[in-house]
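For reference, structure27.cif (mmCIF, C-alpha atoms (C1' of nucleotides)):
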data_data
#
loop_
_atom_site.label_atom_id
_atom_site.label_comp_id
_atom_site.auth_asym_id
_atom_site.auth_seq_id
_atom_site.Cartn_x
_atom_site.Cartn_y
_atom_site.Cartn_z
CA MET A 439 31.95 0.91 133.12
CA ALA A 440 29.52 -1.79 132.15
CA LYS A 441 29.39 -0.36 128.64
CA SER A 442 29.57 -3.05 125.95
CA ILE A 443 32.75 -1.91 124.19
CA THR A 444 34.98 1.11 124.00
CA LYS A 445 34.85 3.70 121.28
CA GLU A 446 38.21 2.60 119.98
CA LYS A 447 37.23 -1.01 119.64
CA ARG A 448 33.94 -0.13 118.04
CA GLN A 449 35.73 1.95 115.45
CA GLU A 450 38.11 -0.87 114.70
CA ARG A 451 35.22 -3.22 114.21
CA ILE A 452 33.35 -0.72 112.06
CA ARG A 453 36.40 -0.44 109.83
CA GLU A 454 36.50 -4.21 109.56
CA LYS A 455 32.81 -4.53 108.82
CA ILE A 456 33.03 -1.96 106.08
CA SER A 457 36.05 -3.53 104.50
CA ILE A 458 34.25 -6.86 104.38
CA ASN A 459 30.95 -5.42 103.20
CA PRO A 460 31.36 -1.91 101.77
CA PHE A 461 27.65 -1.79 100.94
CA ILE A 462 26.56 -1.50 104.55
CA SER A 463 24.75 1.71 105.51
CA ASP A 464 25.13 3.75 108.67
CA GLU A 465 21.70 2.62 109.80
CA GLN A 466 22.63 -1.03 109.51
CA LEU A 467 25.87 -0.38 111.36
CA SER A 468 24.03 1.45 114.12
CA LYS A 469 21.77 -1.52 114.64
CA LEU A 470 24.70 -3.90 114.56
CA PHE A 471 26.65 -2.08 117.23
CA LYS A 472 23.57 -0.90 119.13
CA VAL A 473 24.52 2.76 119.05
CA SER A 474 22.81 5.70 117.45
CA ILE A 475 23.28 6.55 113.81
CA GLN A 476 25.01 9.78 114.86
CA THR A 477 27.67 7.85 116.70
CA ILE A 478 28.37 5.81 113.61
CA ARG A 479 28.69 8.99 111.60
CA LEU A 480 31.04 10.54 114.10
CA ASP A 481 33.09 7.36 113.97
CA ARG A 482 33.31 7.42 110.21
CA LEU A 483 34.21 11.08 110.32
CA GLU A 484 37.02 10.46 112.77
CA MET A 485 38.33 7.57 110.72
CA GLY A 486 37.96 9.40 107.44
CA ILE A 487 35.75 6.72 105.94
CA PRO A 488 33.41 8.12 103.29
CA GLU A 489 29.69 7.40 103.16
CA MET A 490 28.37 4.20 101.65
CA ARG A 491 27.43 5.69 98.31
CA LYS A 492 30.85 7.12 97.74
CA ARG A 493 32.45 3.87 98.77
CA VAL A 494 30.36 2.01 96.25
CA ILE A 495 31.14 4.48 93.49
CA GLN A 496 34.84 4.18 94.22
CA LEU A 497 34.59 0.42 94.15
CA ALA A 498 32.74 0.42 90.87
CA GLN A 499 35.15 2.88 89.34
CA ASN A 500 38.41 1.21 90.09
CA ALA A 501 36.85 -2.14 89.34
CA SER A 502 35.82 -1.00 85.89
CA SER A 503 39.21 0.55 85.28
CA LYS A 504 40.79 -2.73 86.26
CA VAL A 505 38.66 -4.59 83.77
CA LYS A 506 39.67 -2.15 81.08
CA ALA A 507 43.31 -2.56 82.03
CA LEU A 508 42.94 -6.29 81.76
CA ASN A 509 41.48 -5.98 78.29
CA LYS A 510 44.11 -3.50 77.30
CA ASN A 511 46.72 -6.06 78.20
CA GLU A 512 47.06 -7.40 74.72
CA ILE A 513 50.74 -7.07 75.33
CA ILE A 514 51.61 -8.44 78.70
CA GLY A 515 54.32 -6.46 80.39
CA ASP A 516 55.60 -3.07 79.30
CA LEU A 517 57.37 -2.77 76.02
CA ILE A 518 60.36 -0.59 76.63
CA ASP A 519 62.33 -1.02 73.45
CA ILE A 520 61.52 -2.49 70.07
CA GLU A 521 63.20 -2.94 66.76
CA LEU A 522 60.39 -4.32 64.65
CA GLY A 523 61.36 -7.47 62.82
CA ARG A 524 64.48 -7.91 64.90
CA SER A 525 64.33 -7.65 68.67
CA GLY A 526 62.60 -6.16 71.67
CA ILE A 527 62.73 -5.71 75.41
CA SER A 528 59.85 -5.65 77.86
CA THR A 529 59.48 -5.68 81.60
CA MET A 530 56.91 -6.88 84.07
CA ARG A 531 56.59 -6.33 87.79
CA THR A 532 55.22 -9.51 89.29
CA THR A 533 52.25 -9.07 91.59
CA LYS A 534 50.55 -11.23 94.17
CA GLU A 535 47.74 -11.90 91.71
CA MET A 536 50.22 -13.82 89.60
CA ALA A 537 51.37 -16.08 92.37
CA PHE A 538 50.21 -18.95 94.50
CA ASP A 539 48.82 -17.69 97.75
CA LYS A 540 50.81 -20.01 99.94
CA ASN A 541 54.38 -19.71 98.73
CA LYS A 542 54.41 -16.45 96.74
CA LEU A 543 55.86 -18.25 93.74
CA VAL A 544 54.86 -16.68 90.46
CA ARG A 545 52.88 -19.10 88.36
CA SER A 546 54.76 -20.27 85.34
CA HIS A 547 52.25 -19.25 82.73
CA TYR A 548 52.65 -15.59 83.61
CA ILE A 549 56.29 -15.86 82.73
CA PHE A 550 55.43 -17.61 79.51
CA SER A 551 52.88 -14.90 78.77
CA LEU A 552 55.52 -12.23 79.02
CA ALA A 553 57.81 -14.14 76.66
CA ASP A 554 55.07 -15.04 74.21
CA SER A 555 53.66 -11.53 74.06
CA LEU A 556 57.03 -10.01 73.46
CA ALA A 557 57.81 -12.53 70.75
CA MET A 558 54.54 -11.59 69.04
CA ALA A 559 55.15 -7.91 69.41
CA ILE A 560 58.45 -7.84 67.59
CA ILE A 561 57.14 -9.63 64.51
CA ASP A 562 56.09 -7.34 61.72
CA ALA A 563 52.92 -9.05 60.50
CA ASP A 564 49.16 -8.67 60.81
CA ILE A 565 48.44 -11.97 62.45
CA VAL A 566 50.96 -13.95 64.42
CA LEU A 567 50.35 -17.31 65.99
CA THR A 568 52.44 -19.38 68.30
CA GLY A 569 53.49 -22.62 66.63
CA THR A 570 55.79 -24.56 68.89
CA ALA A 571 57.85 -23.58 71.87
CA ARG A 572 60.54 -24.88 74.14
CA LEU A 573 60.46 -23.39 77.59
CA ARG A 574 63.05 -23.62 80.29
CA TYR A 575 62.26 -22.41 83.77
CA LYS A 576 65.65 -22.01 85.39
CA HIS A 577 64.86 -20.36 88.69
CA PRO A 578 61.70 -19.67 90.64
CA VAL A 579 60.30 -16.13 90.56
CA TYR A 580 58.72 -14.51 93.56
CA VAL A 581 56.07 -11.83 93.99
CA GLY A 582 57.36 -8.30 93.64
CA GLN A 583 60.33 -9.07 91.45
CA LEU A 584 60.90 -7.16 88.23
CA LEU A 585 61.32 -9.34 85.19
CA ILE A 586 63.22 -8.18 82.12
CA ALA A 587 62.53 -10.01 78.91
CA LYS A 588 64.71 -9.81 75.83
CA ALA A 589 63.64 -11.34 72.56
CA ARG A 590 65.40 -11.68 69.24
CA ILE A 591 64.30 -13.12 65.94
CA ALA A 592 66.89 -15.81 65.21
CA THR A 593 65.84 -17.25 61.87
CA LYS A 594 63.14 -16.77 59.27
CA LYS A 595 61.90 -19.47 56.92
CA GLY A 596 58.86 -18.56 54.88
CA ASN A 597 56.13 -17.63 57.30
CA LYS A 598 57.90 -19.25 60.22
CA LEU A 599 60.12 -17.34 62.58
CA LEU A 600 62.23 -18.62 65.39
CA VAL A 601 62.32 -16.22 68.29
CA SER A 602 64.52 -16.68 71.30
CA VAL A 603 63.50 -15.06 74.56
CA HIS A 604 65.51 -14.64 77.72
CA ILE A 605 63.96 -13.44 80.93
CA SER A 606 66.10 -12.34 83.82
CA CYS A 607 65.56 -10.95 87.25
CA ASP A 608 68.31 -9.22 89.22
CA HIS A 609 70.84 -10.26 86.57
CA VAL A 610 69.92 -13.89 87.00
CA GLU A 611 68.41 -15.69 84.06
CA VAL A 612 65.17 -17.24 85.28
CA PHE A 613 63.65 -18.38 82.02
CA THR A 614 64.56 -18.97 78.39
CA ALA A 615 62.41 -19.97 75.46
CA LYS A 616 62.68 -20.72 71.81
CA ILE A 617 59.41 -20.05 70.14
CA ILE A 618 58.46 -20.69 66.56
CA MET A 619 55.87 -18.18 65.49
CA VAL A 620 53.75 -18.40 62.37
CA SER A 621 52.89 -15.17 60.62
CA LEU A 622 49.80 -14.81 58.47
CA ASP A 623 50.12 -11.77 56.34
CA GLY A 624 47.38 -10.46 54.09
CA GLU A 625 46.41 -13.08 51.46
CA HIS A 626 46.43 -16.57 52.99
CA LYS A 627 44.33 -16.39 56.13
CA THR A 628 44.17 -20.12 56.81
CA PRO A 629 47.02 -20.99 59.12
CA ASP A 630 49.63 -23.34 57.78
CA PHE A 631 50.72 -25.49 60.67
CA ASN A 632 52.85 -28.07 58.87
CA MET B 1029 8.88 18.38 62.57
CA ALA B 1030 11.89 20.49 63.31
CA LYS B 1031 12.37 18.58 66.55
CA SER B 1032 15.98 17.58 67.13
CA ILE B 1033 15.58 13.81 67.33
CA THR B 1034 12.84 11.26 67.84
CA LYS B 1035 12.04 9.62 71.11
CA GLU B 1036 13.27 6.30 69.80
CA LYS B 1037 16.65 7.63 68.78
CA ARG B 1038 17.07 9.52 72.00
CA GLN B 1039 16.40 6.36 73.96
CA GLU B 1040 18.94 4.47 71.92
CA ARG B 1041 21.52 7.11 72.60
CA ILE B 1042 20.66 7.24 76.28
CA ARG B 1043 21.22 3.51 76.46
CA GLU B 1044 24.58 3.95 74.77
CA LYS B 1045 25.63 6.79 77.02
CA ILE B 1046 24.78 4.82 80.12
CA SER B 1047 26.61 1.75 78.94
CA ILE B 1048 29.71 3.85 78.32
CA ASN B 1049 29.43 5.82 81.54
CA PRO B 1050 27.13 4.16 84.05
CA PHE B 1051 27.85 6.89 86.58
CA ILE B 1052 25.87 9.54 84.69
CA SER B 1053 22.85 10.98 86.51
CA ASP B 1054 19.46 11.85 85.04
CA GLU B 1055 20.24 15.51 85.42
CA GLN B 1056 23.41 15.23 83.38
CA LEU B 1057 21.56 13.25 80.74
CA SER B 1058 18.81 15.82 80.58
CA LYS B 1059 21.35 18.54 79.90
CA LEU B 1060 23.10 16.42 77.33
CA PHE B 1061 19.97 15.73 75.32
CA LYS B 1062 18.34 19.06 76.09
CA VAL B 1063 15.14 17.58 77.44
CA SER B 1064 13.62 17.76 80.88
CA ILE B 1065 14.68 15.45 83.64
CA GLN B 1066 11.22 13.91 83.60
CA THR B 1067 11.63 12.85 80.01
CA ILE B 1068 14.86 11.09 80.86
CA ARG B 1069 13.13 9.30 83.69
CA LEU B 1070 10.27 8.24 81.47
CA ASP B 1071 12.82 6.97 78.99
CA ARG B 1072 14.65 4.94 81.60
CA LEU B 1073 11.35 3.59 82.85
CA GLU B 1074 10.34 2.49 79.36
CA MET B 1075 13.72 0.88 78.76
CA GLY B 1076 13.85 -0.72 82.17
CA ILE B 1077 17.13 0.91 83.07
CA PRO B 1078 17.55 1.37 86.82
CA GLU B 1079 18.62 4.61 88.45
CA MET B 1080 22.27 5.57 88.65
CA ARG B 1081 22.81 4.48 92.23
CA LYS B 1082 21.49 1.01 91.57
CA ARG B 1083 23.58 0.74 88.44
CA VAL B 1084 26.67 1.64 90.41
CA ILE B 1085 25.88 -0.84 93.16
CA GLN B 1086 25.41 -3.58 90.59
CA LEU B 1087 28.69 -2.69 88.97
CA ALA B 1088 30.53 -2.70 92.24
CA GLN B 1089 28.99 -6.00 93.25
CA ASN B 1090 29.71 -8.06 90.21
CA ALA B 1091 33.10 -6.42 89.88
CA SER B 1092 34.06 -7.52 93.36
CA SER B 1093 32.75 -11.02 92.72
CA LYS B 1094 34.82 -11.13 89.54
CA VAL B 1095 37.94 -10.21 91.43
CA LYS B 1096 37.25 -13.00 93.88
CA ALA B 1097 36.72 -15.43 91.03
CA LEU B 1098 40.00 -14.39 89.50
CA ASN B 1099 41.85 -15.04 92.72
CA LYS B 1100 40.13 -18.36 93.08
CA ASN B 1101 41.54 -19.40 89.72
CA GLU B 1102 44.52 -21.19 91.12
CA ILE B 1103 43.57 -24.00 88.82
CA ILE B 1104 42.73 -22.69 85.42
CA GLY B 1105 39.88 -24.55 83.84
CA ASP B 1106 37.59 -27.02 85.58
CA LEU B 1107 39.01 -30.25 86.85
CA ILE B 1108 36.54 -32.93 85.89
CA ASP B 1109 38.49 -36.07 86.58
CA ILE B 1110 41.69 -36.79 88.42
CA GLU B 1111 43.75 -39.77 89.36
CA LEU B 1112 46.38 -38.25 91.57
CA GLY B 1113 49.88 -39.19 90.55
CA ARG B 1114 48.72 -40.57 87.22
CA SER B 1115 46.37 -38.53 85.04
CA GLY B 1116 43.66 -35.91 84.88
CA ILE B 1117 41.14 -34.20 82.67
CA SER B 1118 40.03 -30.60 82.77
CA THR B 1119 37.97 -28.34 80.57
CA MET B 1120 37.83 -24.65 79.83
CA ARG B 1121 35.32 -22.61 77.91
CA THR B 1122 37.22 -19.90 76.07
CA THR B 1123 35.88 -16.39 76.51
CA LYS B 1124 36.36 -13.13 74.70
CA GLU B 1125 38.62 -11.94 77.51
CA MET B 1126 41.10 -14.60 76.44
CA ALA B 1127 41.25 -13.53 72.83
CA PHE B 1128 42.54 -10.79 70.63
CA ASP B 1129 39.84 -8.25 70.00
CA LYS B 1130 40.25 -8.17 66.27
CA ASN B 1131 40.29 -11.78 65.19
CA LYS B 1132 38.76 -13.66 68.14
CA LEU B 1133 41.76 -15.94 68.30
CA VAL B 1134 42.45 -17.22 71.78
CA ARG B 1135 45.84 -16.09 72.99
CA SER B 1136 48.31 -18.91 73.23
CA HIS B 1137 49.22 -18.46 76.87
CA TYR B 1138 45.68 -19.24 77.99
CA ILE B 1139 46.00 -22.60 76.35
CA PHE B 1140 49.36 -23.16 77.99
CA SER B 1141 47.86 -22.13 81.32
CA LEU B 1142 45.24 -24.82 81.04
CA ALA B 1143 47.87 -27.43 80.26
CA ASP B 1144 50.30 -26.25 82.91
CA SER B 1145 47.67 -26.04 85.64
CA LEU B 1146 46.40 -29.50 84.90
CA ALA B 1147 49.91 -30.90 84.88
CA MET B 1148 50.47 -29.38 88.30
CA ALA B 1149 47.20 -30.59 89.65
CA ILE B 1150 47.81 -34.26 88.97
CA ILE B 1151 51.16 -34.33 90.74
CA ASP B 1152 51.00 -35.50 94.32
CA ALA B 1153 53.43 -33.10 95.97
CA ASP B 1154 53.35 -29.98 98.10
CA ILE B 1155 55.21 -27.72 95.75
CA VAL B 1156 55.43 -28.27 92.05
CA LEU B 1157 57.37 -26.10 89.62
CA THR B 1158 57.48 -26.11 85.89
CA GLY B 1159 60.95 -27.01 84.68
CA THR B 1160 61.01 -27.23 80.92
CA ALA B 1161 58.30 -27.59 78.36
CA ARG B 1162 57.75 -28.29 74.71
CA LEU B 1163 54.60 -26.82 73.31
CA ARG B 1164 52.94 -27.46 69.99
CA TYR B 1165 50.07 -25.31 68.88
CA LYS B 1166 48.45 -27.35 66.13
CA HIS B 1167 45.31 -25.38 65.32
CA PRO B 1168 44.01 -21.96 66.23
CA VAL B 1169 41.33 -21.76 68.92
CA TYR B 1170 38.47 -19.28 68.75
CA VAL B 1171 36.34 -17.60 71.37
CA GLY B 1172 33.52 -19.71 72.70
CA GLN B 1173 35.07 -23.06 72.03
CA LEU B 1174 35.27 -25.67 74.74
CA LEU B 1175 38.71 -27.07 75.31
CA ILE B 1176 39.30 -30.50 76.80
CA ALA B 1177 42.70 -31.13 78.30
CA LYS B 1178 44.04 -34.57 79.14
CA ALA B 1179 47.24 -35.02 81.03
CA ARG B 1180 49.21 -38.11 81.98
CA ILE B 1181 52.40 -38.58 83.94
CA ALA B 1182 54.71 -40.38 81.54
CA THR B 1183 57.90 -40.89 83.51
CA LYS B 1184 59.30 -40.15 86.96
CA LYS B 1185 62.95 -39.67 87.75
CA GLY B 1186 63.74 -38.49 91.21
CA ASN B 1187 61.91 -35.24 91.73
CA LYS B 1188 61.36 -34.77 88.01
CA LEU B 1189 58.21 -35.83 86.26
CA LEU B 1190 57.43 -35.80 82.59
CA VAL B 1191 53.81 -34.94 81.94
CA SER B 1192 52.23 -35.05 78.54
CA VAL B 1193 49.18 -32.95 77.89
CA HIS B 1194 46.82 -33.04 74.96
CA ILE B 1195 44.18 -30.41 74.40
CA SER B 1196 41.42 -30.92 71.93
CA CYS B 1197 38.41 -29.05 70.77
CA ASP B 1198 35.56 -30.68 68.83
CA HIS B 1199 37.61 -33.85 68.56
CA VAL B 1200 40.46 -31.98 66.92
CA GLU B 1201 43.76 -31.85 68.72
CA VAL B 1202 44.69 -28.20 68.97
CA PHE B 1203 47.64 -28.37 71.32
CA THR B 1204 50.08 -30.82 72.80
CA ALA B 1205 52.79 -30.36 75.36
CA LYS B 1206 55.46 -32.27 77.14
CA ILE B 1207 56.21 -30.65 80.43
CA ILE B 1208 58.87 -31.57 82.90
CA MET B 1209 57.74 -30.65 86.37
CA VAL B 1210 59.91 -30.48 89.45
CA SER B 1211 58.37 -31.50 92.73
CA LEU B 1212 59.63 -30.16 96.03
CA ASP B 1213 58.33 -32.29 98.79
CA GLY B 1214 58.77 -31.49 102.44
CA GLU B 1215 62.47 -31.38 103.41
CA HIS B 1216 64.51 -29.72 100.68
CA LYS B 1217 62.81 -26.44 99.93
CA THR B 1218 65.48 -25.03 97.65
CA PRO B 1219 64.63 -25.96 94.12
CA ASP B 1220 67.02 -28.22 92.32
CA PHE B 1221 67.07 -27.17 88.73
CA ASN B 1222 70.00 -29.19 87.45
"C1'" DC C 1406 30.42 19.35 142.54
"C1'" DA C 1407 32.40 20.74 138.34
"C1'" DC C 1408 34.24 18.99 134.32
"C1'" DC C 1409 34.95 16.18 130.47
"C1'" DT C 1410 34.15 12.60 127.07
"C1'" DA C 1411 31.06 10.01 124.68
"C1'" DT C 1412 26.80 9.67 123.04
"C1'" DT C 1413 22.43 11.04 121.40
"C1'" DA C 1414 19.03 14.36 119.72
"C1'" DA C 1415 17.30 17.95 116.91
"C1'" DT C 1416 17.14 20.67 112.99
"C1'" DG C 1417 18.00 21.92 108.34
"C1'" DG C 1418 20.02 20.98 103.97
"C1'" DT C 1419 21.61 17.83 100.03
"C1'" DT C 1420 21.45 14.46 96.00
"C1'" DA C 1421 19.28 11.57 93.19
"C1'" DC C 1422 15.95 9.56 92.80
"C1'" DT C 1423 10.26 7.10 92.61
"C1'" DA C 1424 5.46 7.71 91.86
"C1'" DT C 1425 1.51 10.10 90.59
"C1'" DT C 1426 -1.33 13.59 88.61
"C1'" DA C 1427 -1.83 17.28 85.78
"C1'" DA C 1428 -0.85 20.63 82.23
"C1'" DC C 1429 0.89 21.79 77.86
"C1'" DT C 1430 2.32 21.45 72.78
"C1'" DG C 1431 2.19 20.19 68.13
"C1'" DA C 1432 0.64 17.19 64.66
"C1'" DT C 1433 -2.95 14.33 62.68
"C1'" DA C 1434 -7.58 12.48 61.65
"C1'" DG C 1435 -12.29 13.05 61.14
"C1'" DC D 385 -11.71 23.53 62.47
"C1'" DT D 386 -11.68 21.04 66.43
"C1'" DA D 387 -11.08 16.75 69.03
"C1'" DT D 388 -7.65 13.74 70.11
"C1'" DC D 389 -3.32 11.69 71.00
"C1'" DA D 390 1.75 11.12 71.71
"C1'" DG D 391 5.27 13.23 73.65
"C1'" DT D 392 6.93 16.27 76.80
"C1'" DT D 393 7.13 19.02 80.87
"C1'" DA D 394 5.61 20.56 85.44
"C1'" DA D 395 4.23 20.07 90.08
"C1'" DT D 396 3.90 17.75 94.23
"C1'" DA D 397 4.81 14.35 97.72
"C1'" DG D 398 7.75 10.93 99.40
"C1'" DT D 399 12.19 8.09 99.87
"C1'" DA D 400 17.15 6.70 101.30
"C1'" DA D 401 21.21 7.93 102.89
"C1'" DC D 402 23.63 10.96 103.78
"C1'" DC D 403 26.40 16.07 105.76
"C1'" DA D 404 26.83 19.81 108.99
"C1'" DT D 405 25.89 22.16 113.04
"C1'" DT D 406 24.29 22.98 117.60
"C1'" DA D 407 22.52 21.43 121.69
"C1'" DA D 408 21.28 18.28 125.28
"C1'" DT D 409 22.29 14.38 128.21
"C1'" DA D 410 24.59 10.58 130.67
"C1'" DG D 411 28.50 8.65 133.19
"C1'" DG D 412 32.63 8.63 135.17
"C1'" DT D 413 36.89 11.16 137.16
"C1'" DG D 414 39.59 14.36 139.68
#

Turn this file's structure into structure tokens for me.
Amino acid sequence: MAKSITKEKRQERIREKISINPFISDEQLSKLFKVSIQTIRLDRLEMGIPEMRKRVIQLAQNASSKVKALNKNEIIGDLIDIELGRSGISTMRTTKEMAFDKNKLVRSHYIFSLADSLAMAIIDADIVLTGTARLRYKHPVYVGQLLIAKARIATKKGNKLLVSVHISCDHVEVFTAKIIMVSLDGEHKTPDFN
Amino acid sequence: MAKSITKEKRQERIREKISINPFISDEQLSKLFKVSIQTIRLDRLEMGIPEMRKRVIQLAQNASSKVKALNKNEIIGDLIDIELGRSGISTMRTTKEMAFDKNKLVRSHYIFSLADSLAMAIIDADIVLTGTARLRYKHPVYVGQLLIAKARIATKKGNKLLVSVHISCDHVEVFTAKIIMVSLDGEHKTPDFN
DNA sequence: CACCTATTAATGGTTACTATTAACTGATAG
DNA sequence: CTATCAGTTAATAGTAACCATTAATAGGTG
């Protein structure tokens, strides 16, 4: 059997090739592996890999839906309970996109985002800006963990509101924040930051 | 002229349709606008819009490159100067993806991300975690503005470092932060948060 | 040698086009 | 009233990149 490689190995390598470059056509693959185009097609059939065009369409589709989802994310995390003007609860499942590749530690600004978004969400005003904040990262968060954020408006003074946010994970508090938000309702659109 | 619509208007609407749903074929368009498929093709030709397959390929390609770019973003913003263990400067051009749709105000956590990433970057340690932070948003930031962040390590105490970050935009300070970072070098991998 | 797997070939059909030439239709200008 | 022109449609030929089916062939094994 002086044949270059076995069917099995070829199929493995075809799968690899396609995952790296989904735009490759059967013809290109056939040249690459020095087999006929029919063999490539049989291989794809056996492996249940769709033709190039369909692969590309799939790619484009879930890519565009991802972009939309990203834009939609005005509120980071999922609001699960809200009492407008008082308090709210939201959750977020941490994903590998939020973490450092090497140690799977969720990057701190994603945690802040969850807190900040929730704080904004519970305030009953057209425009809300973050003024100042005190953050406390108490424990590291890893990929895959579910974060639960609870926020409560503590005090109000004019257009300034103090919101306290607590984020926990498996009943352990991993983050707390006190955020002063500035609301800009209707008439005076120029922010007052003093 | 009892004709439904003019050529010009049809072309406008074709352009719209395609931008909303790039996966639409000429045949579907021809049915939608009740003209022949040839007319649609002439229209595309005149407007320089490529055929559906090429549109989809383009979509898939720049979508996949975007995903890669997003993953690459371990450091948010562009590091332009760094003196490891002392200070650093980075910049970030704010984009519409970072802002609220309605008022073009850049969301606060993007600004924090810039500060936090820079603070991490200048610390000379394997693992760096954010401990506590005080943030001060001094002026709102709008889409398209270029932010310049400057960070400096102020004090060191054991594995804790105080980093101060100042972000400005058109020579106006828009944000300041004092961040206490915790470094975990080599031996003791369990974070010490006390 | 018969058999079997893997491979290749052959044929016909599909979608979604490009490119070109030609015919048609309705309105306008001379 | 007819020639002309824009806009539209039709017709034809060709392309890439496939699917689906049947058949032939090549190589190795029991």

For the file shown, report as a PDB file with C-alpha atoms (C1' of nucleotides), in the frame of the given file the outcome of the PyMOL selection byres ((chain D) within 9 of (chain A)) at residue level.
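Listing of result.pdb after writing:
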ATOM      1  C1'  DA D 401      21.210   7.930 102.890  1.00  0.00           C
ATOM      2  C1'  DC D 402      23.630  10.960 103.780  1.00  0.00           C
ATOM      3  C1'  DG D 411      28.500   8.650 133.190  1.00  0.00           C
ATOM      4  C1'  DG D 412      32.630   8.630 135.170  1.00  0.00           C
TER       5       DG D 412
END

To verify the selection step, state as a tab-separated table (two decimals) with C-alpha atoms (C1' of nucleotides), in the frame of the given file which residues the PyMOL selection byres ((chain C) within 10 of (chain B)) yields on this input.
chain	number	residue	atom	x	y	z
C	1421	DA	C1'	19.28	11.57	93.19
C	1422	DC	C1'	15.95	9.56	92.80
C	1423	DT	C1'	10.26	7.10	92.61
C	1431	DG	C1'	2.19	20.19	68.13
C	1432	DA	C1'	0.64	17.19	64.66

Please identify all polymer residues within 10 Å of DC1429 (chain C), counting all atoms listed in the file, omitting same-chain residues fewer than 6 positions from it, and present them as a PDB file with C-alpha atoms (C1' of nucleotides), keeping the file's coordinate frame.
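Result went into out_11.pdb, see below:
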ATOM      1  C1'  DT D 392       6.930  16.270  76.800  1.00  0.00           C
ATOM      2  C1'  DT D 393       7.130  19.020  80.870  1.00  0.00           C
ATOM      3  C1'  DA D 394       5.610  20.560  85.440  1.00  0.00           C
TER       4       DA D 394
END

Long-range neighbours of DT1412 (chain C) as a PDB file with C-alpha atoms (C1' of nucleotides), in the frame of the given file, 12 Å cut-off, all atoms listed in the file, 6 positions minimum in chain:
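And here is the file that came out, around.pdb:
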ATOM      1  CA  LYS A 441      29.390  -0.360 128.640  1.00  0.00           C
ATOM      2  CA  THR A 444      34.980   1.110 124.000  1.00  0.00           C
ATOM      3  CA  LYS A 445      34.850   3.700 121.280  1.00  0.00           C
ATOM      4  CA  LYS A 472      23.570  -0.900 119.130  1.00  0.00           C
ATOM      5  CA  VAL A 473      24.520   2.760 119.050  1.00  0.00           C
ATOM      6  CA  SER A 474      22.810   5.700 117.450  1.00  0.00           C
ATOM      7  CA  ILE A 475      23.280   6.550 113.810  1.00  0.00           C
ATOM      8  CA  GLN A 476      25.010   9.780 114.860  1.00  0.00           C
ATOM      9  CA  THR A 477      27.670   7.850 116.700  1.00  0.00           C
ATOM     10  CA  ILE A 478      28.370   5.810 113.610  1.00  0.00           C
ATOM     11  CA  ARG A 479      28.690   8.990 111.600  1.00  0.00           C
ATOM     12  CA  LEU A 480      31.040  10.540 114.100  1.00  0.00           C
ATOM     13  CA  ASP A 481      33.090   7.360 113.970  1.00  0.00           C
TER      14      ASP A 481
ATOM     15  C1'  DA D 408      21.280  18.280 125.280  1.00  0.00           C
ATOM     16  C1'  DT D 409      22.290  14.380 128.210  1.00  0.00           C
ATOM     17  C1'  DA D 410      24.590  10.580 130.670  1.00  0.00           C
ATOM     18  C1'  DG D 411      28.500   8.650 133.190  1.00  0.00           C
TER      19       DG D 411
END

For region 386-396 of chain D, what centre and edge lengths in Å (one decimal) does the axis-aligned box get once 3 Å is added on each side of all its listed atoms, as AutoDock Vina command-line options?
--center_x -2.3 --center_y 16.1 --center_z 80.3 --size_x 24.8 --size_y 15.9 --size_z 33.8

If I take CA of Asn541 (chain A) and CA of Ser1145 (chain B), how far is one from the other in Å, to one decimal?
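Separating CA of Asn541 (chain A) from CA of Ser1145 (chain B) is a distance of 16.0 Å.
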
Just give me the gap between CA of Met530 (chain A) and CA of Leu622 (chain A) in Å, one decimal is fine.
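Going from CA of Met530 (chain A) over to CA of Leu622 (chain A) covers 27.7 Å.
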
Residues in the PyMOL selection byres ((chain A) within 8 of (chain B)), expressed as an NGL selection string:
:A and (491 or 494-495 or 497-499 or 501-502 or 509 or 512 or 535 or 538 or 546-547 or 550-551 or 554 or 567-578 or 629 or 631)

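Taking CA of Phe1061 (chain B) and C1' of DT1430 (chain C) as endpoints, the distance between them is 18.7 Å.
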
Contacts of Ile561 (chain A) at 9 Å (only C-alpha atoms (C1' of nucleotides); same-chain gap of 3+ positions) as a list in words:
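The filter keeps Leu522, Gly523, Arg524, Ser525, Leu556, Ala557, Met558, Asp564, Val566, Ile591, Leu599, Met619 and Ser621 of chain A.
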
Name the closest residue to Thr1123 (chain B) among the candidates B:Gly1172, B:Arg1038, B:Asp1152, B:Ala1179; distances are taken between atoms, counting only C-alpha atoms.
B:Gly1172
